[in-house]
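Listing of query.cif; format and content: mmCIF, C-alpha atoms.
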```cif
data_my_file
loop_
_atom_site.label_atom_id
_atom_site.label_comp_id
_atom_site.auth_asym_id
_atom_site.auth_seq_id
_atom_site.Cartn_x
_atom_site.Cartn_y
_atom_site.Cartn_z
CA MET A 1 -41.43 -15.12 -15.23
CA PRO A 2 -38.67 -13.37 -13.21
CA ALA A 3 -35.69 -15.56 -12.34
CA HIS A 4 -34.98 -16.24 -8.67
CA LEU A 5 -31.45 -15.14 -7.76
CA ARG A 6 -30.05 -17.14 -4.87
CA PRO A 7 -28.75 -14.70 -2.23
CA LEU A 8 -25.43 -15.38 -0.50
CA VAL A 9 -24.47 -12.37 1.63
CA VAL A 10 -26.16 -9.02 2.27
CA GLY A 11 -24.70 -5.93 3.93
CA SER A 12 -26.66 -3.75 6.34
CA GLY A 13 -26.43 -0.84 3.90
CA VAL A 14 -28.73 -2.64 1.45
CA ASP A 15 -31.54 -2.83 3.98
CA ALA A 16 -30.93 0.78 5.03
CA ALA A 17 -30.97 2.04 1.44
CA HIS A 18 -33.92 0.07 0.11
CA VAL A 19 -36.76 0.08 2.63
CA ASP A 20 -39.96 -1.87 2.15
CA GLY A 21 -42.22 -0.38 -0.52
CA ALA A 22 -39.52 1.82 -2.04
CA HIS A 23 -38.76 1.87 -5.76
CA GLY A 24 -35.21 2.19 -7.05
CA THR A 25 -33.46 2.29 -10.40
CA VAL A 26 -30.38 0.60 -11.83
CA VAL A 27 -27.92 3.47 -12.32
CA GLY A 28 -24.72 1.65 -13.25
CA ILE A 29 -23.53 -1.62 -14.74
CA PHE A 30 -20.23 -3.36 -14.09
CA ARG A 31 -18.83 -6.72 -15.14
CA HIS A 32 -20.30 -8.76 -12.29
CA GLY A 33 -23.44 -6.84 -11.41
CA CYS A 34 -25.17 -3.50 -11.13
CA TYR A 35 -25.76 -0.53 -8.84
CA VAL A 36 -29.25 0.39 -7.66
CA GLN A 37 -30.15 3.88 -6.46
CA VAL A 38 -33.02 4.62 -4.08
CA GLY A 39 -33.28 8.33 -3.41
CA GLY A 40 -29.71 9.42 -2.75
CA GLU A 41 -28.55 5.99 -1.54
CA VAL A 42 -26.81 3.41 -3.75
CA TYR A 43 -26.07 -0.29 -3.25
CA ALA A 44 -24.73 -3.12 -5.42
CA ILE A 45 -26.22 -6.43 -6.54
CA ALA A 46 -23.37 -8.63 -7.70
CA GLY A 47 -22.19 -12.17 -8.35
CA PRO A 48 -19.78 -14.12 -6.14
CA ALA A 49 -16.69 -12.73 -7.89
CA VAL A 50 -17.30 -9.50 -5.94
CA ALA A 51 -16.25 -9.35 -2.29
CA PRO A 52 -19.01 -8.79 0.25
CA GLY A 53 -19.30 -5.39 1.87
CA PRO A 54 -21.72 -3.10 3.69
CA ILE A 55 -23.58 -1.98 0.56
CA HIS A 56 -23.36 -5.27 -1.35
CA LEU A 57 -25.97 -7.92 -2.00
CA ILE A 58 -23.99 -10.92 -3.26
CA VAL A 59 -25.97 -13.48 -5.25
CA ALA A 60 -25.01 -16.86 -6.71
CA ALA A 61 -25.03 -15.52 -10.29
CA PRO A 62 -24.86 -11.93 -11.56
CA PRO A 63 -28.29 -10.43 -12.30
CA ALA A 64 -29.12 -10.92 -15.97
CA ARG A 65 -30.45 -8.16 -18.24
CA ALA A 66 -29.66 -5.45 -15.69
CA THR A 67 -29.75 -2.36 -17.88
CA GLU A 68 -29.53 1.23 -16.71
CA GLY A 69 -33.00 2.56 -15.92
CA LEU A 70 -34.40 -0.85 -14.91
CA ALA A 71 -36.85 -0.44 -12.01
CA VAL A 72 -36.13 -2.39 -8.80
CA TRP A 73 -38.62 -2.36 -5.95
CA ARG A 74 -38.88 -3.93 -2.52
CA ASP A 75 -41.85 -5.98 -1.37
CA GLY A 76 -41.33 -7.10 2.21
CA THR A 77 -38.06 -9.03 2.28
CA ARG A 78 -37.97 -9.46 -1.48
CA LEU A 79 -36.25 -7.27 -4.09
CA ARG A 80 -37.95 -7.44 -7.48
CA SER A 81 -37.41 -6.32 -11.05
CA SER A 82 -39.17 -7.34 -14.24
CA HIS A 83 -36.31 -9.84 -14.90
CA TRP A 84 -35.32 -11.24 -11.47
CA GLN A 85 -36.10 -11.28 -7.78
CA VAL A 86 -34.09 -11.92 -4.61
CA GLU A 87 -35.27 -13.08 -1.19
CA LEU A 88 -33.16 -11.00 1.21
CA GLY A 89 -34.18 -13.05 4.25
CA GLU A 90 -32.29 -16.06 2.88
CA ALA A 91 -28.90 -14.27 2.71
CA ALA A 92 -26.18 -14.47 5.32
CA PHE A 93 -25.57 -11.14 7.04
CA PHE A 94 -22.31 -9.26 6.46
CA ALA A 95 -21.67 -8.23 10.05
CA PRO A 96 -20.27 -4.81 10.99
CA TRP A 97 -16.55 -4.93 11.80
CA GLN A 98 -14.32 -2.91 14.10
CA PRO A 99 -10.67 -3.68 14.90
CA ALA A 100 -9.69 -3.61 18.55
CA ARG A 101 -7.58 -0.60 19.47
CA ALA A 102 -4.62 -2.82 20.35
CA ASP A 103 -4.92 -4.69 17.03
CA LEU A 104 -4.88 -1.42 15.12
CA LEU A 105 -1.75 -0.34 16.96
CA HIS A 106 -0.10 -3.68 16.16
CA ALA A 107 -1.05 -3.28 12.48
CA GLU A 108 0.39 0.21 12.00
CA ALA A 109 3.88 -0.69 10.81
CA ALA A 110 2.64 -3.09 8.11
CA LEU A 111 -0.14 -0.75 6.96
CA GLY A 112 2.27 2.18 6.71
CA SER A 113 4.82 0.06 4.85
CA MET A 114 2.37 -0.40 1.94
CA LEU A 115 3.29 3.08 0.69
CA GLU A 116 6.78 1.85 -0.24
CA SER A 117 5.40 -0.41 -2.99
CA LEU A 118 2.38 1.55 -4.24
CA ALA A 119 2.61 3.83 -7.27
CA VAL A 120 0.91 7.20 -6.89
CA PRO A 121 -2.37 7.07 -8.87
CA ALA A 122 -1.66 8.81 -12.17
CA ASP A 123 -4.84 10.87 -12.09
CA LEU A 124 -3.88 12.29 -8.68
CA ALA A 125 -0.21 13.06 -9.37
CA ARG A 126 -0.89 16.77 -9.67
CA GLY A 127 -1.33 18.18 -6.20
CA TRP A 128 -0.32 14.92 -4.50
CA HIS A 129 2.16 16.70 -2.18
CA SER A 130 -0.69 18.90 -0.95
CA VAL A 131 -2.76 15.81 -0.22
CA ARG A 132 0.05 14.25 1.79
CA ARG A 133 0.55 17.43 3.79
CA ALA A 134 -3.17 17.65 4.62
CA VAL A 135 -3.26 14.00 5.70
CA ALA A 136 -0.10 14.37 7.79
CA ALA A 137 -1.74 17.32 9.56
CA GLY A 138 -4.84 15.23 10.26
CA ASP A 139 -7.00 17.73 8.34
CA LEU A 140 -9.82 15.64 6.87
CA VAL A 141 -11.72 18.63 5.51
CA ALA A 142 -8.69 19.88 3.56
CA SER A 143 -8.03 16.31 2.39
CA ARG A 144 -11.62 16.03 1.18
CA GLU A 145 -11.40 19.31 -0.71
CA LEU A 146 -8.21 18.15 -2.46
CA LEU A 147 -9.49 14.67 -3.31
CA GLU A 148 -13.27 14.87 -3.88
CA GLY A 149 -14.44 13.81 -7.32
CA ARG A 150 -10.92 13.66 -8.78
CA GLY A 151 -9.92 10.97 -11.25
CA GLY A 152 -11.75 8.34 -13.23
CA GLY A 153 -13.79 5.24 -12.52
CA LEU A 154 -17.28 4.50 -11.19
CA THR A 155 -15.89 5.82 -7.91
CA PRO A 156 -13.33 8.56 -8.65
CA THR A 157 -9.79 7.78 -7.54
CA GLY A 158 -9.65 10.68 -5.11
CA ASP A 159 -12.81 9.46 -3.39
CA ASP A 160 -11.24 6.04 -2.94
CA VAL A 161 -8.23 7.62 -1.21
CA LEU A 162 -10.62 9.60 0.98
CA ALA A 163 -12.47 6.39 1.85
CA GLY A 164 -9.21 4.92 3.13
CA LEU A 165 -8.60 8.00 5.26
CA LEU A 166 -12.09 7.84 6.74
CA LEU A 167 -11.71 4.16 7.55
CA VAL A 168 -8.59 4.74 9.64
CA HIS A 169 -10.11 7.72 11.44
CA ALA A 170 -13.20 5.62 12.21
CA TRP A 171 -11.11 2.65 13.40
CA ARG A 172 -9.32 5.01 15.78
CA GLY A 173 -12.68 5.80 17.36
CA GLU A 174 -13.13 9.37 16.14
CA ASP A 175 -16.56 10.97 16.26
CA GLU A 176 -18.83 9.23 13.76
CA ASP A 177 -21.05 12.26 13.13
CA THR A 178 -17.99 14.34 12.22
CA LEU A 179 -16.73 11.67 9.83
CA LEU A 180 -20.17 11.24 8.27
CA ARG A 181 -20.34 14.98 7.68
CA VAL A 182 -17.07 14.80 5.74
CA ALA A 183 -18.46 11.92 3.67
CA ARG A 184 -21.80 13.59 2.95
CA ASP A 185 -20.21 16.95 2.11
CA THR A 186 -18.04 15.35 -0.58
CA ALA A 187 -18.77 16.82 -4.01
CA THR A 188 -19.03 13.60 -5.99
CA THR A 189 -21.50 10.95 -7.17
CA ASN A 190 -24.20 9.32 -5.05
CA LEU A 191 -22.37 6.00 -5.48
CA SER A 192 -19.13 7.40 -4.05
CA ARG A 193 -20.93 9.11 -1.19
CA SER A 194 -22.57 5.80 -0.27
CA PHE A 195 -19.16 4.09 -0.04
CA LEU A 196 -17.75 7.08 1.86
CA ALA A 197 -20.60 7.10 4.37
CA TRP A 198 -19.92 3.49 5.27
CA ALA A 199 -16.17 4.13 5.40
CA ALA A 200 -16.98 6.89 7.92
CA ARG A 201 -18.59 4.15 10.03
CA GLY A 202 -15.42 2.05 9.74
CA GLN A 203 -16.93 -0.42 7.26
CA SER A 204 -15.40 -1.61 3.99
CA VAL A 205 -15.30 -4.75 1.86
CA ALA A 206 -14.15 -8.01 3.44
CA PRO A 207 -10.60 -8.03 1.95
CA VAL A 208 -9.88 -4.67 3.61
CA HIS A 209 -10.96 -6.03 6.99
CA ASP A 210 -8.77 -9.10 6.34
CA LEU A 211 -5.84 -6.79 5.52
CA VAL A 212 -5.94 -5.20 8.97
CA ALA A 213 -6.44 -8.53 10.74
CA CYS A 214 -3.40 -10.04 8.99
CA ALA A 215 -1.28 -6.99 9.78
CA ALA A 216 -2.32 -7.13 13.43
CA ALA A 217 -1.38 -10.83 13.57
CA TYR A 218 2.09 -10.12 12.09
CA ASP A 219 1.30 -12.68 9.37
CA ARG A 220 3.38 -11.23 6.54
CA PRO A 221 2.51 -13.80 3.81
CA ALA A 222 -1.21 -13.40 4.50
CA PHE A 223 -0.83 -9.62 4.68
CA ASP A 224 0.98 -9.51 1.32
CA HIS A 225 -1.77 -11.65 -0.19
CA ALA A 226 -4.40 -9.28 1.23
CA VAL A 227 -2.59 -6.29 -0.29
CA THR A 228 -2.64 -8.02 -3.67
CA THR A 229 -6.34 -8.85 -3.30
CA VAL A 230 -7.32 -5.29 -2.39
CA SER A 231 -5.10 -3.85 -5.14
CA ALA A 232 -7.07 -5.84 -7.72
CA ILE A 233 -10.42 -4.23 -6.78
CA GLY A 234 -11.76 -2.18 -9.68
CA GLY A 235 -9.52 -0.40 -12.16
CA SER A 236 -7.62 1.61 -9.55
CA SER A 237 -10.05 1.73 -6.62
CA GLY A 238 -8.22 -0.84 -4.52
CA ILE A 239 -4.82 0.80 -4.88
CA ALA A 240 -6.28 4.22 -4.11
CA LEU A 241 -8.01 2.79 -1.03
CA LEU A 242 -4.69 1.32 0.16
CA TRP A 243 -3.07 4.73 -0.29
CA GLY A 244 -5.67 6.32 1.94
CA ILE A 245 -5.27 3.64 4.61
CA GLY A 246 -1.48 3.81 4.44
CA LEU A 247 -1.27 7.60 4.55
CA ALA A 248 -3.68 7.92 7.47
CA THR A 249 -1.90 5.17 9.38
CA ALA A 250 1.53 6.71 8.78
CA ALA A 251 0.19 10.03 10.07
CA SER A 252 -0.91 8.39 13.32
CA VAL A 253 2.18 6.37 14.27
CA ASN A 254 3.39 9.02 16.69
CA LEU A 255 0.22 8.88 18.79
CA VAL A 256 0.79 8.12 22.47
CA ARG A 257 0.29 4.40 23.06
CA PRO A 258 -1.69 2.99 25.95
CA GLU A 259 0.55 1.55 28.69
CA GLY A 260 1.33 -2.09 28.09
CA VAL A 261 0.66 -2.08 24.35
CA PRO A 262 3.85 -2.98 22.42
CA PRO A 263 4.96 -0.83 19.48
CA ALA A 264 3.80 -1.89 16.03
CA ARG A 265 6.13 -4.24 14.25
CA SER A 266 6.22 -6.44 11.19
CA SER A 267 7.58 -9.89 10.51
CA ALA A 268 9.17 -8.61 7.28
#
```
Structure rendered as structure tokens:
Amino acid sequence: MPAHLRPLVVGSGVDAAHVDGAHGTVVGIFRHGCYVQVGGEVYAIAGPAVAPGPIHLIVAAPPARATEGLAVWRDGTRLRSSHWQVELGEAAFFAPWQPARADLLHAEAALGSMLESLAVPADLARGWHSVRRAVAAGDLVASRELLEGRGGGLTPTGDDVLAGLLLVHAWRGEDEDTLLRVARDTATTNLSRSFLAWAARGQSVAPVHDLVACAAAYDRPAFDHAVTTVSAIGGSSGIALLWGIGLATAASVNLVRPEGVPPARSSA
């Protein structure tokens, strides 16, 4: 009989990707869970060691016997496989997040300062100056063309940098359709495009949202802890994501500030 996995948190991308009656397939395995693909959309089912996010279903224990090719289908509010099932209606909802414009302005100095302590990802070293120039010019299409599909990992390193860029552009209130077009035009895997599409909506995993909140609050110890937490995500995904956020933020620090909003500063 299939085991019942106790759901903890579910992101809105899971419901969007896996509609009622649809059949999906496990397409990737990682230490704490698996990725399920339904059409061109991908989401994760993972244990509590993984941070919640828009395309994550976090359960109390990682799904057992989740091998590539395993069928996963949805029946009402329940996800099923031959080995386990999850009642989605019992999970807490991972709510969409958007920093206030003033908070983002306050966070700029700390977010830009991350670049001083981050090593350039080794698999992106070639052509890195071109990437920085494209980001500084605010050219997302050129940035995408330089970064898409480059590097290793379940999500290529270049895609993770691009996700960070898209997040900052989305947080600044840029046109969502334009950002989604950049994400969907990226020549990469379905998994990466799923992450990128949610980054284009301004949504990432919880530690990234915490990073911005701590920076906006000028809480340096908490910010440094958040940097460490994000850096530990995946093999190099977290560090690459921080690079994207830092580069895009640094490129925007000369934007005209609304009257009455103080310049960004840090408690460092």
Next item on the list: For Leu180 in chain A, list every protein, DNA or RNA residue within 12 Å, evaluated using only C-alpha atoms, and leave out those in the same chain fewer than 6 positions away; present the list as a ChimeraX atom specification.
Entry: /A:140-141,163,166-167,169-170,174,186,193-202
Item checked: Contacts of Thr228 in chain A within 10 Å, only C-alpha atoms, excl. fewer than 4 positions in-chain, as a ChimeraX atom specification -> /A:207,211,222-224,232-233,238-239
Next item on the list: Spell out the residues picked by the PyMOL selection byres ((chain A and resi 47) around 9) here, as number ranges by chain.
Entry: A: 32-33, 45-46, 48-51, 57-63
Margin query: Taking (-30.4, -15.4, 4.6) in the coordinates of the supplied file, I want to know which residues reach to within 10 Å of it, counting all atoms listed in the file; could you give the answer as number ranges by chain?
Written below: A: 6-10, 87-93
Note to self: Would you compute the distance between CA of Val86 in chain A and CA of Ala64 in chain A? Give it in Å to one decimal.
What the structure shows: 12.4 Å
Output range 13-24 of chain A as a JSON list (two decimals), in the frame of the given file, making sure all heavy atoms are there.
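The result, stored in out_33.json:
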```json
[["chain", "number", "residue", "atom", "x", "y", "z"],
["A", 13, "GLY", "N", -26.13, -2.02, 4.69],
["A", 13, "GLY", "CA", -26.43, -0.84, 3.90],
["A", 13, "GLY", "C", -27.50, -1.08, 2.85],
["A", 13, "GLY", "O", -28.16, -0.13, 2.41],
["A", 14, "VAL", "N", -27.69, -2.33, 2.43],
["A", 14, "VAL", "CA", -28.73, -2.64, 1.45],
["A", 14, "VAL", "C", -30.10, -2.43, 2.08],
["A", 14, "VAL", "O", -30.98, -1.78, 1.51],
["A", 14, "VAL", "CB", -28.58, -4.08, 0.93],
["A", 14, "VAL", "CG1", -29.73, -4.43, -0.03],
["A", 14, "VAL", "CG2", -27.24, -4.28, 0.24],
["A", 15, "ASP", "N", -30.27, -2.96, 3.28],
["A", 15, "ASP", "CA", -31.54, -2.83, 3.98],
["A", 15, "ASP", "C", -31.83, -1.36, 4.32],
["A", 15, "ASP", "O", -32.96, -0.90, 4.22],
["A", 15, "ASP", "CB", -31.49, -3.65, 5.27],
["A", 15, "ASP", "CG", -32.88, -3.92, 5.84],
["A", 15, "ASP", "OD1", -33.74, -4.41, 5.10],
["A", 15, "ASP", "OD2", -33.08, -3.64, 7.03],
["A", 16, "ALA", "N", -30.77, -0.63, 4.69],
["A", 16, "ALA", "CA", -30.93, 0.78, 5.03],
["A", 16, "ALA", "C", -31.30, 1.61, 3.81],
["A", 16, "ALA", "O", -32.09, 2.56, 3.89],
["A", 16, "ALA", "CB", -29.65, 1.32, 5.67],
["A", 17, "ALA", "N", -30.73, 1.26, 2.65],
["A", 17, "ALA", "CA", -30.97, 2.04, 1.44],
["A", 17, "ALA", "C", -32.32, 1.75, 0.82],
["A", 17, "ALA", "O", -33.00, 2.65, 0.34],
["A", 17, "ALA", "CB", -29.86, 1.76, 0.42],
["A", 18, "HIS", "N", -32.71, 0.46, 0.82],
["A", 18, "HIS", "CA", -33.92, 0.07, 0.11],
["A", 18, "HIS", "C", -34.95, -0.45, 1.09],
["A", 18, "HIS", "O", -35.05, -1.65, 1.36],
["A", 18, "HIS", "CB", -33.61, -0.98, -0.94],
["A", 18, "HIS", "CG", -34.54, -0.94, -2.10],
["A", 18, "HIS", "ND1", -34.19, -1.35, -3.37],
["A", 18, "HIS", "CD2", -35.82, -0.50, -2.21],
["A", 18, "HIS", "CE1", -35.21, -1.17, -4.19],
["A", 18, "HIS", "NE2", -36.22, -0.68, -3.50],
["A", 19, "VAL", "N", -35.75, 0.45, 1.64],
["A", 19, "VAL", "CA", -36.76, 0.08, 2.63],
["A", 19, "VAL", "C", -37.97, -0.53, 1.93],
["A", 19, "VAL", "O", -38.16, -0.36, 0.71],
["A", 19, "VAL", "CB", -37.18, 1.30, 3.47],
["A", 19, "VAL", "CG1", -35.98, 1.85, 4.24],
["A", 19, "VAL", "CG2", -37.80, 2.38, 2.59],
["A", 20, "ASP", "N", -38.78, -1.21, 2.70],
["A", 20, "ASP", "CA", -39.96, -1.87, 2.15],
["A", 20, "ASP", "C", -40.88, -0.87, 1.46],
["A", 20, "ASP", "O", -41.17, 0.21, 1.99],
["A", 20, "ASP", "CB", -40.72, -2.56, 3.30],
["A", 20, "ASP", "CG", -41.89, -3.40, 2.81],
["A", 20, "ASP", "OD1", -41.92, -3.73, 1.61],
["A", 20, "ASP", "OD2", -42.76, -3.70, 3.63],
["A", 21, "GLY", "N", -41.32, -1.22, 0.26],
["A", 21, "GLY", "CA", -42.22, -0.38, -0.52],
["A", 21, "GLY", "C", -41.54, 0.63, -1.41],
["A", 21, "GLY", "O", -42.19, 1.24, -2.27],
["A", 22, "ALA", "N", -40.23, 0.81, -1.25],
["A", 22, "ALA", "CA", -39.52, 1.82, -2.04],
["A", 22, "ALA", "C", -39.17, 1.28, -3.42],
["A", 22, "ALA", "O", -38.91, 0.09, -3.61],
["A", 22, "ALA", "CB", -38.26, 2.26, -1.32],
["A", 23, "HIS", "N", -39.16, 2.19, -4.40],
["A", 23, "HIS", "CA", -38.76, 1.87, -5.76],
["A", 23, "HIS", "C", -37.40, 2.50, -6.05],
["A", 23, "HIS", "O", -37.16, 3.65, -5.70],
["A", 23, "HIS", "CB", -39.78, 2.38, -6.77],
["A", 23, "HIS", "CG", -41.00, 1.51, -6.87],
["A", 23, "HIS", "ND1", -41.87, 1.33, -5.81],
["A", 23, "HIS", "CD2", -41.49, 0.76, -7.90],
["A", 23, "HIS", "CE1", -42.85, 0.51, -6.18],
["A", 23, "HIS", "NE2", -42.64, 0.15, -7.44],
["A", 24, "GLY", "N", -36.53, 1.72, -6.66],
["A", 24, "GLY", "CA", -35.21, 2.19, -7.05],
["A", 24, "GLY", "C", -34.98, 1.98, -8.53],
["A", 24, "GLY", "O", -35.84, 1.45, -9.25]]
```
